[in-house]
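Asks: Provided herewith is a single structure, encoded as structure tokens, for subsequent inquiry.
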Amino acid sequence: MNYNFTEIEKKWQGIWEKENTFSATNDYTKPKYYALVEFPYPSGQGLHVGHPRSYTALDIVARKKRLEGYNVLYPMGWDAFGLPTENFAMKNHIHPEIVTANNVARFKEQLKSLGLSFDWNREINTTDPSYYKWTQWIFIQLFKKGLAYKSEMPVNWCTSCKCVLANEEVVNGVCERCGSEVVRKVKSQWMLKITEYAQRLIDDLDLPDINYIDRVKTSQKNWIGRSTGAEVVFDTTKGDTLTVYTTRPDTLFGATYMVISPEHPLIKEWADTIENIKDIEEYQVQASKKSDFERTELAKEKTGVEIKGVRGINPVTEKEIPIFVSDYVLMGYGTGAIMAVPAHDTRDYDFAKAFNIPMVEVVAGGNIEEEAFTDCATGVMVNSGFLTGLTVEEAKAKMISWLEENKKGHAKVNFKLRDWVFSRQRYWGEPIPIVKCEKCGYVAIPESELPLRLPDIEDFEPTDDGQSPLARMEQFVNTTCPCCGGKAQRETDTMPQWAGSSWYFLRYCDAHNENELASKEALNYWLPVDWYNGGMEHTTLHLLYSRFWHKFLYDIGVVSCPEPYAKRTSHGMILGENGEKMSKSRGNVVNPDDIVREYGADTMRLYEMFIGDFEKSAPWSTSSIKGCKRFLDRVWNLQDILVDGEDYRPEVETSMHKTIKKVSEDIETLKFNTAIASMMALLNDITNTGAINKAEMKALLIMLNPFAPHITEEMYEILGFEGKVSEQQWVTYDENKCIDKSIEMAVQVNGKIKTKLQVAVDISKEDVIALAKADSKVANAIEGKTIVKEIVVHKKLVNIVVK
RNA sequence: GCCGGUGUGAUGGAAUUGGCAGACGUGACGGACUCAAAAUCCGUUGGUAGCGAUACCGUGCCGGUUCGAGUCCGGCCACCGGCACCA
């Protein structure tokens, strides 16, 4: 009988769908397991071969957990709001809703063809009003707690999308999506106060039950960018003060000038006193014209203007020092002003060199003629009054207490993380459920009016002045104030794509609840997510945003665990056959449909897991797929050599136990590639005996089932085993039976292999040394020499050291 | 510049965390089956020297620790990803 994978796969996918085989039950007394993969953006291109890498991996985990008796939730949905859909809709004059529906249908069909065990009863779609009702609800809660606010601020403006972008969406100074130039523009924007959670977002990564892979943890921490230092208050010759932030209070004696950002408000206050105000204003204009890109590109060349007429006073040296305006100081970080210590900061060094400002060495150990000396670990304080002679760390502490005693400053923690720009001037997103009333200001719409539906419109083109297309819809815009009943106007901006994905894993717990985002019982039972896998590209933004929302929901009592994900892993990319990133323009795209058609879903799944280390990127190889197909063919052909037998035969018993152990452990540690390799090795062992018995066959089918679910179910049925594989117990192993009775030990003389010995596993140290010495090659090598040492490594080797 | 990652046969990758480097797969070569090809099955396959048993070399480079290093330590080099004037 032939292995007709097309027919077999269709058959079992039909059975699973009809019988709801993979629905999670609401029996909250059972032990639960929540496996989660990032839900895709249903793009027009259809599924990429990269998607199934993550989905198959956790499908294997989910299927194994089911076999182990867990109530498993493995859901799937669609992160469907977003620009590509809107742009496609605009170009082709099709409503984004229809575009989305078509793309979702295609994706769903593709996912089903892979035999992924998703619980389709809990499918969600972020563009569904019954879903975004709750996205809007969360926004209102944030607003009520003062964590959503509107602010005039310079934003990144994409000249082509005519849209505000988050800092994160600007890549190398251009728009992440369309590649057009991004400029700065001042606009009134909705902001979310993620900075309020900065410290907790760092601290809770180290909670005892939180198990993120290290590189994900590190990148979260780096992104939040915590630094400790001090705020120092400088008096000015004008009689007011200028406060700076520094991480190096120890170097205060070396501060020979100050710099403020071009946007600093003090410039306006000082305008009358500043003698060269024209030059300063000219510089401000120049700086504001620069895009972020230019500001960074020209980083090497420091520019600036000295403020004439106002000087700062160094609080410890009491000397007057000049104040400059320069765009190397950013208004958005710290106080927008710095004390400059050219001898010990690279940027200040460059600036001081360019402007001929004197520098004072206050930490000895470097050569400041050559470059700034920034090392904190080895230096000793010099020229620093009461700090002289201390180490840098001691000096930091002492200076901070001096500042606090003299009311000249205090210790301070800062973060790189900024508040989250939450408005987009686009159509295809969740409407922000806020109205602006002339009397009452910004008011949230009553929760009873949720969802605030996205109105149907025909023209999705944004306006040139940067308003969302919704702004043209007068029926939508004009409304009454829920507070005073007077005239009011709706917010016309929509939420960014990150909104819907910031809480979707909660909705899966109770996907059809009309009264709450999910019931308390469901959330208590399913959370936290036990294992969340996704791409490395989401380890900063999506992960941070969703952790922020989750913590907020925790604070207001909606969820009862402080962190959403107990374990987070990331898979590597699948590259094109030439080792480059897969893309249409490179012409190296592999279509998963073709692979399924030609080799079958089981082979495709197996290959994607066998391709290499799960966490690393790996190039696609069409010829390697054949190896996985051959493996399944050979498994299929085992039917021809099946014999009776209730127990494993002695000749394969150890091999069976070892493989079960290896596969069980490897699935938990993301080593799917070696799990498959060990099953291949087991198959080789079995076929070498010329037969397989029923006990061995059953175990093999169960073990292979999570990887290749269709073929294993089919064979299980054909061979007349009872029930289905998916209803069996996961295979177990006996540690004692994993050990070979007879093993091969290497014999070394002075660390060089001389021979190999076949010995009993429990051989004594003395016996094995005697055996080794009896070997002619070993005897030759040690003849006439003195034995210095004899080393026996249990079950591994013998090393005889001679002189 | 900073942070993270990687470097092993022709090739994708293994190596129980300091103990026989190259598991498993691909490719290649030889053989069986076949009129033939495909498929399948069996064997060989890190390099150099030798008919050979065997010897020497071998995990990016240089050095160190150790009876023993792909693995640990110090110093480099190359590539990939992210961040980038964050004081």
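All residue names refer to the structure tokens as shown: chains lettered A, B, ... in order, residues numbered from 1 in each chain, ligands numbered from 1 in order.
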Which residues of chain A sit at most 8 Å from chain B, using only C-alpha atoms (C1' of nucleotides)? Give each one's shortest atom pair and distance in Å (one decimal place), in chain and ascending residue order, as a Markdown table.
Replies:
```
| residue | atom | partner | partner_atom | distance |
| --- | --- | --- | --- | --- |
| A:Arg215 | CA | B:G4 | C1' | 6.7 |
| A:Ser219 | CA | B:G4 | C1' | 7.8 |
| A:Asn222 | CA | B:C3 | C1' | 7.7 |
| A:Gly225 | CA | B:C86 | C1' | 8.0 |
| A:Tyr245 | CA | B:A87 | C1' | 7.0 |
| A:Thr246 | CA | B:A87 | C1' | 5.6 |
| A:Thr247 | CA | B:A87 | C1' | 6.9 |
| A:Thr296 | CA | B:C85 | C1' | 7.3 |
| A:Ala299 | CA | B:C85 | C1' | 6.2 |
| A:Tyr328 | CA | B:C85 | C1' | 4.9 |
| A:Val329 | CA | B:C85 | C1' | 7.0 |
| A:Tyr333 | CA | B:C86 | C1' | 6.2 |
| A:Ile338 | CA | B:A87 | C1' | 6.1 |
| A:Met339 | CA | B:A87 | C1' | 7.9 |
| A:Arg347 | CA | B:C85 | C1' | 6.7 |
| A:Phe415 | CA | B:C86 | C1' | 7.9 |
| A:Lys416 | CA | B:C86 | C1' | 5.6 |
| A:Ile611 | CA | B:G12 | C1' | 6.7 |
| A:Gly612 | CA | B:G13 | C1' | 6.0 |
| A:Asp613 | CA | B:G13 | C1' | 7.9 |
| A:Ser621 | CA | B:G12 | C1' | 7.9 |
| A:Ser623 | CA | B:U26 | C1' | 6.3 |
| A:Ser624 | CA | B:U26 | C1' | 5.1 |
| A:Gly627 | CA | B:G25 | C1' | 5.9 |
| A:Cys628 | CA | B:G25 | C1' | 7.9 |
| A:Thr674 | CA | B:C24 | C1' | 7.5 |
| A:Ile676 | CA | B:C24 | C1' | 7.9 |
| A:Ala677 | CA | B:C24 | C1' | 4.4 |
| A:Ser678 | CA | B:C24 | C1' | 7.0 |
| A:Met680 | CA | B:C24 | C1' | 6.8 |
| A:Ala681 | CA | B:C24 | C1' | 6.9 |
| A:Met745 | CA | B:C20 | C1' | 7.6 |
| A:Ala746 | CA | B:C20 | C1' | 5.5 |
| A:Asn750 | CA | B:C67 | C1' | 6.4 |
| A:Gly751 | CA | B:G68 | C1' | 5.4 |
| A:Ile753 | CA | B:C20 | C1' | 7.4 |
| A:Lys789 | CA | B:C67 | C1' | 7.2 |
| A:Ile791 | CA | B:C67 | C1' | 7.3 |
| A:Val793 | CA | B:G19 | C1' | 6.9 |
| A:Lys796 | CA | B:G19 | C1' | 6.4 |
| A:Leu797 | CA | B:G19 | C1' | 6.8 |
| A:Asn799 | CA | B:C67 | C1' | 6.9 |
| A:Ile800 | CA | B:C67 | C1' | 7.6 |
| A:Val801 | CA | B:C67 | C1' | 5.9 |
```
Asks: Residues of stretch 118-281 of chain A in strand (DSSP E) according to DSSP, as a PyMOL selection string?
Replies: chain A and resi 124-125+148-158+163-165+170-171+174-175+182-192+211-212+226-236+241-246+257-260
Asks: Based on DSSP run over this structure's backbone, return all residues of stretch 394-484 of chain A in alpha helix (DSSP H), as JSON, numbers by chain.
Replies: {"A": [394, 395, 396, 397, 398, 399, 400, 401, 402, 403, 404, 405, 474, 475, 476, 477]}
